[in-house]
>>> print(open('data_20.tsv').read())   # TSV, C-alpha atoms
chain	number	residue	atom	x	y	z
A	1	MET	CA	-61.08	-23.65	11.50
A	2	GLU	CA	-57.48	-24.91	11.42
A	3	ILE	CA	-55.99	-26.67	8.47
A	4	ASN	CA	-52.84	-28.71	8.84
A	5	ASP	CA	-49.96	-28.12	6.45
A	6	SER	CA	-50.47	-31.53	4.85
A	7	SER	CA	-54.01	-30.66	3.77
A	8	TRP	CA	-53.09	-27.53	1.85
A	9	GLU	CA	-53.31	-27.80	-1.90
A	10	ASP	CA	-52.73	-24.28	-3.20
A	11	PHE	CA	-51.98	-20.72	-2.20
A	12	ILE	CA	-53.14	-17.77	-4.28
A	13	LEU	CA	-50.45	-15.12	-4.79
A	14	VAL	CA	-52.44	-11.89	-5.01
A	15	GLY	CA	-49.47	-9.65	-5.79
A	16	PHE	CA	-50.43	-6.55	-7.78
A	17	SER	CA	-53.61	-8.08	-9.25
A	18	GLU	CA	-55.71	-5.21	-7.87
A	19	TYR	CA	-54.00	-3.03	-10.48
A	20	PRO	CA	-54.07	-5.06	-13.76
A	21	LYS	CA	-52.43	-2.42	-15.94
A	22	ALA	CA	-49.70	-1.72	-13.42
A	23	GLU	CA	-49.21	-5.47	-12.95
A	24	PHE	CA	-48.57	-5.96	-16.68
A	25	ILE	CA	-46.10	-3.06	-16.76
A	26	ILE	CA	-44.34	-4.47	-13.69
A	27	SER	CA	-44.11	-7.88	-15.42
A	28	LEU	CA	-42.35	-6.29	-18.42
A	29	PHE	CA	-40.02	-4.45	-16.05
A	30	VAL	CA	-39.30	-7.67	-14.15
A	31	SER	CA	-38.70	-9.76	-17.29
A	32	GLY	CA	-36.29	-7.13	-18.65
A	33	PHE	CA	-34.33	-6.96	-15.40
A	34	TYR	CA	-34.30	-10.76	-15.12
A	35	THR	CA	-32.78	-11.04	-18.60
A	36	MET	CA	-30.12	-8.48	-17.67
A	37	THR	CA	-29.44	-10.34	-14.41
A	38	LEU	CA	-28.85	-13.62	-16.21
A	39	THR	CA	-26.72	-11.99	-18.91
A	40	GLY	CA	-24.62	-9.79	-16.64
A	41	ASN	CA	-23.91	-12.35	-13.92
A	42	THR	CA	-23.24	-15.15	-16.40
A	43	ALA	CA	-20.81	-12.85	-18.22
A	44	ILE	CA	-18.94	-12.12	-14.97
A	45	ILE	CA	-18.66	-15.84	-14.17
A	46	LEU	CA	-17.41	-16.75	-17.66
A	47	VAL	CA	-15.00	-13.82	-18.03
A	48	SER	CA	-13.45	-14.35	-14.59
A	49	LEU	CA	-12.98	-18.04	-15.38
A	50	LEU	CA	-11.55	-17.54	-18.88
A	51	ASP	CA	-9.06	-14.79	-18.01
A	52	SER	CA	-6.22	-16.13	-15.84
A	53	ARG	CA	-5.50	-12.63	-14.49
A	54	LEU	CA	-8.88	-12.72	-12.76
A	55	HIS	CA	-8.09	-15.95	-10.90
A	56	THR	CA	-7.80	-14.06	-7.61
A	57	PRO	CA	-9.72	-14.28	-4.31
A	58	MET	CA	-11.77	-11.18	-5.12
A	59	TYR	CA	-13.10	-12.64	-8.36
A	60	PHE	CA	-13.57	-16.07	-6.83
A	61	PHE	CA	-15.99	-14.54	-4.32
A	62	LEU	CA	-17.52	-12.38	-7.05
A	63	ARG	CA	-18.27	-15.56	-9.05
A	64	ASN	CA	-20.03	-16.97	-5.98
A	65	LEU	CA	-22.03	-13.74	-5.66
A	66	SER	CA	-23.01	-13.81	-9.34
A	67	PHE	CA	-24.08	-17.45	-9.11
A	68	LEU	CA	-26.10	-16.60	-5.98
A	69	ASP	CA	-27.87	-13.76	-7.78
A	70	ILE	CA	-28.75	-16.00	-10.74
A	71	CYS	CA	-30.17	-18.68	-8.43
A	72	PHE	CA	-32.00	-16.16	-6.24
A	73	THR	CA	-33.82	-14.42	-9.08
A	74	THR	CA	-34.55	-17.73	-10.84
A	75	CYS	CA	-36.17	-18.97	-7.63
A	76	ILE	CA	-38.65	-16.09	-7.79
A	77	VAL	CA	-39.06	-14.44	-11.20
A	78	PRO	CA	-40.23	-17.31	-13.49
A	79	GLN	CA	-43.05	-18.27	-11.10
A	80	MET	CA	-44.03	-14.61	-10.76
A	81	LEU	CA	-44.19	-14.10	-14.54
A	82	VAL	CA	-46.18	-17.32	-15.07
A	83	ASN	CA	-48.70	-16.17	-12.45
A	84	ILE	CA	-49.09	-12.76	-14.08
A	85	TRP	CA	-49.15	-13.77	-17.75
A	86	SER	CA	-51.29	-16.89	-17.37
A	87	GLY	CA	-53.74	-15.26	-14.99
A	88	ASN	CA	-53.44	-18.30	-12.71
A	89	LYS	CA	-52.21	-17.01	-9.36
A	90	ARG	CA	-52.04	-20.42	-7.70
A	91	ILE	CA	-48.95	-22.07	-6.30
A	92	SER	CA	-48.94	-25.41	-4.50
A	93	TYR	CA	-48.17	-25.65	-0.80
A	94	VAL	CA	-45.02	-27.63	-1.59
A	95	GLY	CA	-44.00	-25.10	-4.25
A	96	CYS	CA	-44.57	-22.24	-1.84
A	97	THR	CA	-42.54	-23.94	0.89
A	98	VAL	CA	-39.68	-24.65	-1.51
A	99	GLN	CA	-39.71	-21.06	-2.77
A	100	TYR	CA	-39.50	-19.33	0.60
A	101	SER	CA	-36.99	-21.88	1.93
A	102	VAL	CA	-34.62	-21.59	-1.04
A	103	ALA	CA	-34.99	-17.80	-1.26
A	104	LEU	CA	-34.22	-17.47	2.45
A	105	ALA	CA	-31.22	-19.79	2.12
A	106	LEU	CA	-29.75	-17.85	-0.80
A	107	GLY	CA	-30.45	-14.47	0.81
A	108	SER	CA	-28.81	-15.59	4.05
A	109	THR	CA	-25.82	-16.93	2.13
A	110	GLU	CA	-25.39	-13.55	0.45
A	111	CYS	CA	-25.39	-11.84	3.87
A	112	VAL	CA	-22.41	-13.92	4.97
A	113	LEU	CA	-20.67	-13.82	1.58
A	114	LEU	CA	-20.69	-10.01	1.53
A	115	ALA	CA	-18.99	-10.05	4.95
A	116	VAL	CA	-16.38	-12.49	3.60
A	117	MET	CA	-15.78	-10.16	0.65
A	118	ALA	CA	-15.27	-7.27	3.08
A	119	VAL	CA	-12.62	-9.29	4.94
A	120	ASP	CA	-10.97	-10.03	1.59
A	121	ARG	CA	-10.81	-6.28	0.84
A	122	TYR	CA	-9.42	-5.69	4.35
A	123	PHE	CA	-6.44	-7.95	3.72
A	124	ALA	CA	-5.99	-6.61	0.17
A	125	VAL	CA	-5.66	-3.01	1.42
A	126	LEU	CA	-3.97	-3.46	4.81
A	127	TRP	CA	-1.70	-6.39	3.98
A	128	PRO	CA	-1.00	-6.11	0.23
A	129	LEU	CA	2.36	-7.90	0.35
A	130	ARG	CA	0.98	-10.86	2.33
A	131	TYR	CA	-2.46	-10.86	0.69
A	132	THR	CA	-1.95	-13.88	-1.59
A	133	THR	CA	-0.39	-15.82	1.27
A	134	ILE	CA	-3.26	-15.09	3.67
A	135	MET	CA	-6.11	-15.48	1.17
A	136	HIS	CA	-4.84	-18.64	-0.50
A	137	GLN	CA	-7.09	-20.97	-2.44
A	138	GLN	CA	-7.93	-23.32	0.43
A	139	ILE	CA	-8.96	-20.44	2.71
A	140	CYS	CA	-11.14	-18.99	-0.04
A	141	HIS	CA	-12.91	-22.32	-0.54
A	142	ILE	CA	-13.45	-22.70	3.22
A	143	LEU	CA	-14.89	-19.16	3.53
A	144	ALA	CA	-17.20	-19.72	0.57
A	145	ALA	CA	-18.36	-23.04	2.05
A	146	VAL	CA	-19.03	-21.37	5.42
A	147	SER	CA	-21.17	-18.77	3.63
A	148	TRP	CA	-23.27	-21.38	1.84
A	149	ILE	CA	-23.60	-23.72	4.85
A	150	SER	CA	-24.57	-20.95	7.28
A	151	GLY	CA	-27.13	-19.57	4.83
A	152	PHE	CA	-28.83	-22.91	4.30
A	153	ALA	CA	-28.65	-23.72	8.02
A	154	ASN	CA	-30.46	-20.47	8.82
A	155	SER	CA	-33.13	-21.29	6.24
A	156	LEU	CA	-33.54	-24.82	7.57
A	157	PHE	CA	-34.02	-23.49	11.09
A	158	GLN	CA	-36.56	-20.78	10.23
A	159	SER	CA	-38.44	-22.80	7.60
A	160	SER	CA	-38.82	-25.78	9.93
A	161	LEU	CA	-40.36	-23.47	12.54
A	162	ALA	CA	-42.83	-22.11	9.98
A	163	MET	CA	-43.82	-25.57	8.72
A	164	VAL	CA	-45.11	-26.72	12.10
A	165	LEU	CA	-47.54	-23.82	12.40
A	166	PRO	CA	-51.20	-24.73	11.81
A	167	LEU	CA	-52.65	-22.62	9.01
A	168	CYS	CA	-56.09	-21.03	8.94
A	169	GLY	CA	-58.39	-21.27	5.96
A	170	HIS	CA	-56.97	-18.22	4.18
A	171	GLN	CA	-55.39	-19.18	0.88
A	172	HIS	CA	-54.72	-15.63	-0.33
A	173	VAL	CA	-51.13	-14.46	0.07
A	174	ASP	CA	-50.91	-10.69	-0.33
A	175	HIS	CA	-47.57	-10.78	-2.14
A	176	PHE	CA	-46.09	-11.76	-5.50
A	177	ILE	CA	-43.87	-14.42	-3.90
A	178	CYS	CA	-44.18	-16.88	-1.03
A	179	GLU	CA	-42.48	-14.87	1.69
A	180	LEU	CA	-41.89	-16.33	5.13
A	181	LEU	CA	-43.25	-13.34	7.06
A	182	ILE	CA	-46.48	-13.43	5.02
A	183	ILE	CA	-46.97	-17.20	5.45
A	184	ILE	CA	-46.63	-16.83	9.23
A	185	LYS	CA	-49.51	-14.35	9.17
A	186	LEU	CA	-51.77	-17.13	7.84
A	187	SER	CA	-51.38	-19.11	11.05
A	188	CYS	CA	-54.21	-19.18	13.55
A	189	ALA	CA	-51.95	-20.30	16.41
A	190	ASP	CA	-49.96	-18.12	18.78
A	191	THR	CA	-46.86	-17.34	16.71
A	192	GLY	CA	-45.15	-15.24	19.38
A	193	PRO	CA	-42.56	-17.79	20.62
A	194	ILE	CA	-41.71	-18.97	17.10
A	195	GLU	CA	-41.46	-15.39	15.82
A	196	SER	CA	-39.07	-14.55	18.65
A	197	LYS	CA	-36.80	-17.44	17.65
A	198	MET	CA	-36.97	-16.39	14.00
A	199	PHE	CA	-36.18	-12.78	14.89
A	200	ILE	CA	-33.09	-13.89	16.83
A	201	ALA	CA	-31.99	-16.04	13.87
A	202	ARG	CA	-32.48	-13.11	11.47
A	203	LEU	CA	-30.63	-10.80	13.84
A	204	ILE	CA	-27.64	-13.17	13.99
A	205	ILE	CA	-27.44	-13.73	10.22
A	206	LEU	CA	-27.60	-9.96	9.66
A	207	ALA	CA	-25.87	-8.41	12.68
A	208	ILE	CA	-22.70	-10.51	12.70
A	209	PRO	CA	-21.90	-9.91	8.99
A	210	VAL	CA	-22.74	-6.19	9.39
A	211	CYS	CA	-20.33	-5.91	12.34
A	212	ILE	CA	-17.61	-7.64	10.30
A	213	ILE	CA	-18.25	-5.33	7.33
A	214	LEU	CA	-18.24	-2.17	9.47
A	215	THR	CA	-15.06	-3.23	11.28
A	216	SER	CA	-13.30	-4.12	8.03
A	217	TYR	CA	-14.21	-0.88	6.30
A	218	GLY	CA	-13.47	1.15	9.42
A	219	CYS	CA	-9.91	-0.23	9.40
A	220	ILE	CA	-9.66	0.29	5.64
A	221	ALA	CA	-10.83	3.91	5.92
A	222	ARG	CA	-8.33	4.64	8.68
A	223	THR	CA	-5.49	3.13	6.65
A	224	VAL	CA	-6.48	4.96	3.46
A	225	MET	CA	-6.60	8.31	5.29
A	226	LYS	CA	-3.00	7.76	6.44
A	227	MET	CA	-1.76	7.20	2.89
A	228	HIS	CA	0.40	10.05	1.60
A	229	SER	CA	-0.03	9.13	-2.05
A	230	ALA	CA	-3.21	10.40	-3.72
A	231	GLU	CA	-2.84	7.62	-6.27
A	232	GLY	CA	-2.67	5.02	-3.48
A	233	ARG	CA	-5.81	6.42	-1.84
A	234	GLN	CA	-7.65	6.42	-5.15
A	235	LYS	CA	-6.62	2.82	-5.89
A	236	ALA	CA	-7.71	1.64	-2.42
A	237	PHE	CA	-11.01	3.48	-2.73
A	238	GLY	CA	-11.63	2.01	-6.19
A	239	THR	CA	-10.94	-1.46	-4.83
A	240	CYS	CA	-13.59	-1.16	-2.13
A	241	ALA	CA	-16.19	1.25	-3.52
A	242	SER	CA	-18.03	-1.30	-5.68
A	243	HIS	CA	-18.40	-3.78	-2.84
A	244	LEU	CA	-19.54	-1.06	-0.44
A	245	VAL	CA	-22.31	0.07	-2.82
A	246	VAL	CA	-23.56	-3.52	-3.16
A	247	VAL	CA	-23.50	-3.93	0.63
A	248	LEU	CA	-25.53	-0.76	1.20
A	249	LEU	CA	-28.09	-1.71	-1.44
A	250	PHE	CA	-28.51	-5.27	-0.19
A	251	TYR	CA	-28.43	-4.71	3.57
A	252	GLY	CA	-30.56	-1.56	3.44
A	253	THR	CA	-33.51	-3.40	1.91
A	254	ILE	CA	-33.01	-6.65	3.84
A	255	MET	CA	-32.82	-4.96	7.23
A	256	PHE	CA	-35.95	-2.95	6.43
A	257	MET	CA	-37.77	-6.19	5.61
A	258	TYR	CA	-36.63	-8.58	8.30
A	259	LEU	CA	-35.65	-6.63	11.40
A	260	GLN	CA	-39.00	-5.01	12.06
A	261	PRO	CA	-41.68	-6.54	14.31
A	262	LYS	CA	-44.51	-8.44	12.65
A	263	ASN	CA	-47.09	-5.84	13.75
A	264	ASN	CA	-45.20	-3.08	11.93
A	265	TYR	CA	-44.85	-5.08	8.72
A	266	SER	CA	-46.65	-3.38	5.80
A	267	GLN	CA	-47.43	-5.78	2.97
A	268	ARG	CA	-47.56	-3.02	0.33
A	269	GLN	CA	-44.22	-1.63	1.47
A	270	GLY	CA	-42.91	-5.18	1.66
A	271	MET	CA	-43.76	-5.85	-1.99
A	272	ILE	CA	-42.03	-2.67	-3.18
A	273	VAL	CA	-38.90	-3.40	-1.14
A	274	ALA	CA	-39.00	-7.05	-2.29
A	275	LEU	CA	-38.93	-5.85	-5.92
A	276	VAL	CA	-35.73	-3.95	-5.14
A	277	TYR	CA	-33.78	-6.75	-3.49
A	278	THR	CA	-35.10	-9.62	-5.63
A	279	ILE	CA	-35.14	-7.93	-9.04
A	280	VAL	CA	-33.17	-4.68	-9.11
A	281	ALA	CA	-30.18	-5.46	-6.86
A	282	PRO	CA	-29.07	-8.66	-8.69
A	283	THR	CA	-29.19	-6.70	-11.97
A	284	LEU	CA	-27.14	-3.80	-10.65
A	285	ASN	CA	-24.42	-5.95	-9.07
A	286	PRO	CA	-22.64	-6.80	-12.37
A	287	LEU	CA	-22.84	-3.15	-13.47
A	288	ILE	CA	-21.50	-1.87	-10.15
A	289	TYR	CA	-18.56	-4.28	-10.23
A	290	THR	CA	-17.63	-3.69	-13.88
A	291	LEU	CA	-18.24	0.00	-14.68
A	292	ARG	CA	-15.20	1.21	-12.71
A	293	ASN	CA	-13.19	-1.99	-12.98
A	294	LYS	CA	-10.42	-1.82	-15.58
A	295	ASP	CA	-9.45	-5.48	-15.07
A	296	VAL	CA	-12.93	-6.72	-15.94
A	297	LYS	CA	-13.24	-4.38	-18.93
A	298	ARG	CA	-9.87	-5.57	-20.24
A	299	ALA	CA	-10.87	-9.21	-19.71
A	300	VAL	CA	-14.16	-8.68	-21.56
A	301	ARG	CA	-12.36	-7.12	-24.53
A	302	LYS	CA	-9.88	-9.99	-24.52
A	303	VAL	CA	-12.61	-12.65	-24.51
A	304	LEU	CA	-14.60	-10.86	-27.21
A	305	TRP	CA	-11.47	-10.48	-29.35
A	306	LYS	CA	-10.89	-14.24	-29.17
A	307	ILE	CA	-14.48	-14.88	-30.26
>>> encode(input="data_20.tsv", output="structure tokens")
Amino acid sequence: MEINDSSWEDFILVGFSEYPKAEFIISLFVSGFYTMTLTGNTAIILVSLLDSRLHTPMYFFLRNLSFLDICFTTCIVPQMLVNIWSGNKRISYVGCTVQYSVALALGSTECVLLAVMAVDRYFAVLWPLRYTTIMHQQICHILAAVSWISGFANSLFQSSLAMVLPLCGHQHVDHFICELLIIIKLSCADTGPIESKMFIARLIILAIPVCIILTSYGCIARTVMKMHSAEGRQKAFGTCASHLVVVLLFYGTIMFMYLQPKNNYSQRQGMIVALVYTIVAPTLNPLIYTLRNKDVKRAVRKVLWKI
């Protein structure tokens, strides 16, 4: 039996419900990390706005990243906690569609934004004297806008393809969130052509930024190795190390999730990896960017002293 999208009322997010004790522990873990995500990323946004010395391209893009992480986790975590703590695993078809569309849009935006941040580090290290001239305010705003627009365009394309698929009578989604790859599995039509288009879209939104990041850091590494000053090499490395760690954490999990064929997709593995990139990564980003960053530490002390 086929059921059109318009006739769906609810999906049931199964998640970790087969393991009630583990599910409760996971919910505590998730709520703790969500609180840290909100606190850490909000702090970065406020501190970088309040301290004039942090009004630079690097911190402008970092504010965008922090805002993205807040939105991304908020799109997922509250619904997940409500489902676990209330015992009601249902989510409406509209709610499910909104969740996977917005999550995909924000995730895609972050892919492009991380590439933009790599280009920013490229100019900061290779062209330090012309850096402020090249990365002026208008260019930064344009690059940020390109990141957001391309991310939402990718989501619009893939989500619109998923919405036209007729769904079978299976309401159970074996995940803790509405995830596009899982929803496609509920279709009783031939999804091959649509999946091919989606795979190409995912490949573009991932491969192009990865190529930009690798090229940027390849040039940076070559320049740093040519530096005669150990202090200069250390400063250049410190400038790029935080961003590189975030890139590896984000792209490692995303590429595992979205660049494998549907037949090889393991739902259990998918849920574990999803916990990493939806819950853990947004929490670690503020820590990664601030632990070794003297400018941020100084700005935090300055803001706290004023309070």
>>> closest_residue(input="data_20.tsv", among="A:Ser92, A:Thr37, A:Ser52, A:Gln158", to="A:Phe199", atoms="all atoms listed in the file")
A:Gln158
>>> residues_near_point(input="data_20.tsv", point="(-29.8, -16.3, -3.6)", cutoff="6 Å", atoms="all atoms listed in the file", output="PyMOL selection string")
chain A and resi 68-69+71-72+103+106-107
>>> closest_residue(input="data_20.tsv", among="A:Asn83, A:Gln171, A:Gln234, A:Ser160", to="A:Met198", atoms="all atoms listed in the file")
A:Ser160
>>> closest_residue(input="data_20.tsv", among="A:Gln79, A:Pro166, A:Phe176, A:Leu161", to="A:Glu195", atoms="all atoms listed in the file")
A:Leu161
>>> closest_residue(input="data_20.tsv", among="A:Ala230, A:Trp148, A:Ser31, A:Met135", to="A:Val82", atoms="only C-alpha atoms")
A:Ser31
>>> closest_residue(input="data_20.tsv", among="A:Leu54, A:Met163, A:Met36, A:Ile182", to="A:Lys297", atoms="only C-alpha atoms")
A:Leu54
>>> closest_residue(input="data_20.tsv", among="A:Ile184, A:Ser155, A:Ile177, A:Ser150", to="A:Ile208", atoms="only C-alpha atoms")
A:Ser150
>>> atom_distance(input="data_20.tsv", atom1="atom CA of A:Gly252", atom2="atom CA of A:Phe60")
24.6 Å
>>> residues_around(input="data_20.tsv", residues="A:His243", least_positions_apart="5", cutoff="9 Å", atoms="all atoms listed in the file", output="CSV table (one decimal) with C-alpha atoms, in the frame of the given file")
chain,number,residue,atom,x,y,z
A,114,LEU,CA,-20.7,-10.0,1.5
A,117,MET,CA,-15.8,-10.2,0.6
A,118,ALA,CA,-15.3,-7.3,3.1
A,121,ARG,CA,-10.8,-6.3,0.8
A,248,LEU,CA,-25.5,-0.8,1.2
A,285,ASN,CA,-24.4,-6.0,-9.1
A,288,ILE,CA,-21.5,-1.9,-10.2
A,289,TYR,CA,-18.6,-4.3,-10.2
>>> atom_distance(input="data_20.tsv", atom1="atom CA of A:Arg90", atom2="atom CA of A:Phe11")
5.5 Å
>>> atom_distance(input="data_20.tsv", atom1="atom CA of A:Ile212", atom2="atom CA of A:Val280")
25.1 Å
>>> residues_near_point(input="data_20.tsv", point="(-3.6, 0.3, -0.4)", cutoff="10 Å", atoms="only C-alpha atoms", output="PyMOL selection string")
chain A and resi 121-128+220+223-224+227+229+231-237+239
>>> residues_around(input="data_20.tsv", residues="A:Leu165", least_positions_apart="5", cutoff="8 Å", atoms="all atoms listed in the file", output="list in words")
Asp5, Ile184, Ser187, Ala189 and Thr191 of chain A
>>> residues_around(input="data_20.tsv", residues="A:Phe152", least_positions_apart="4", cutoff="12 Å", atoms="all atoms listed in the file", output="ChimeraX atom specification")
/A:100-112,145-148,156-160,205
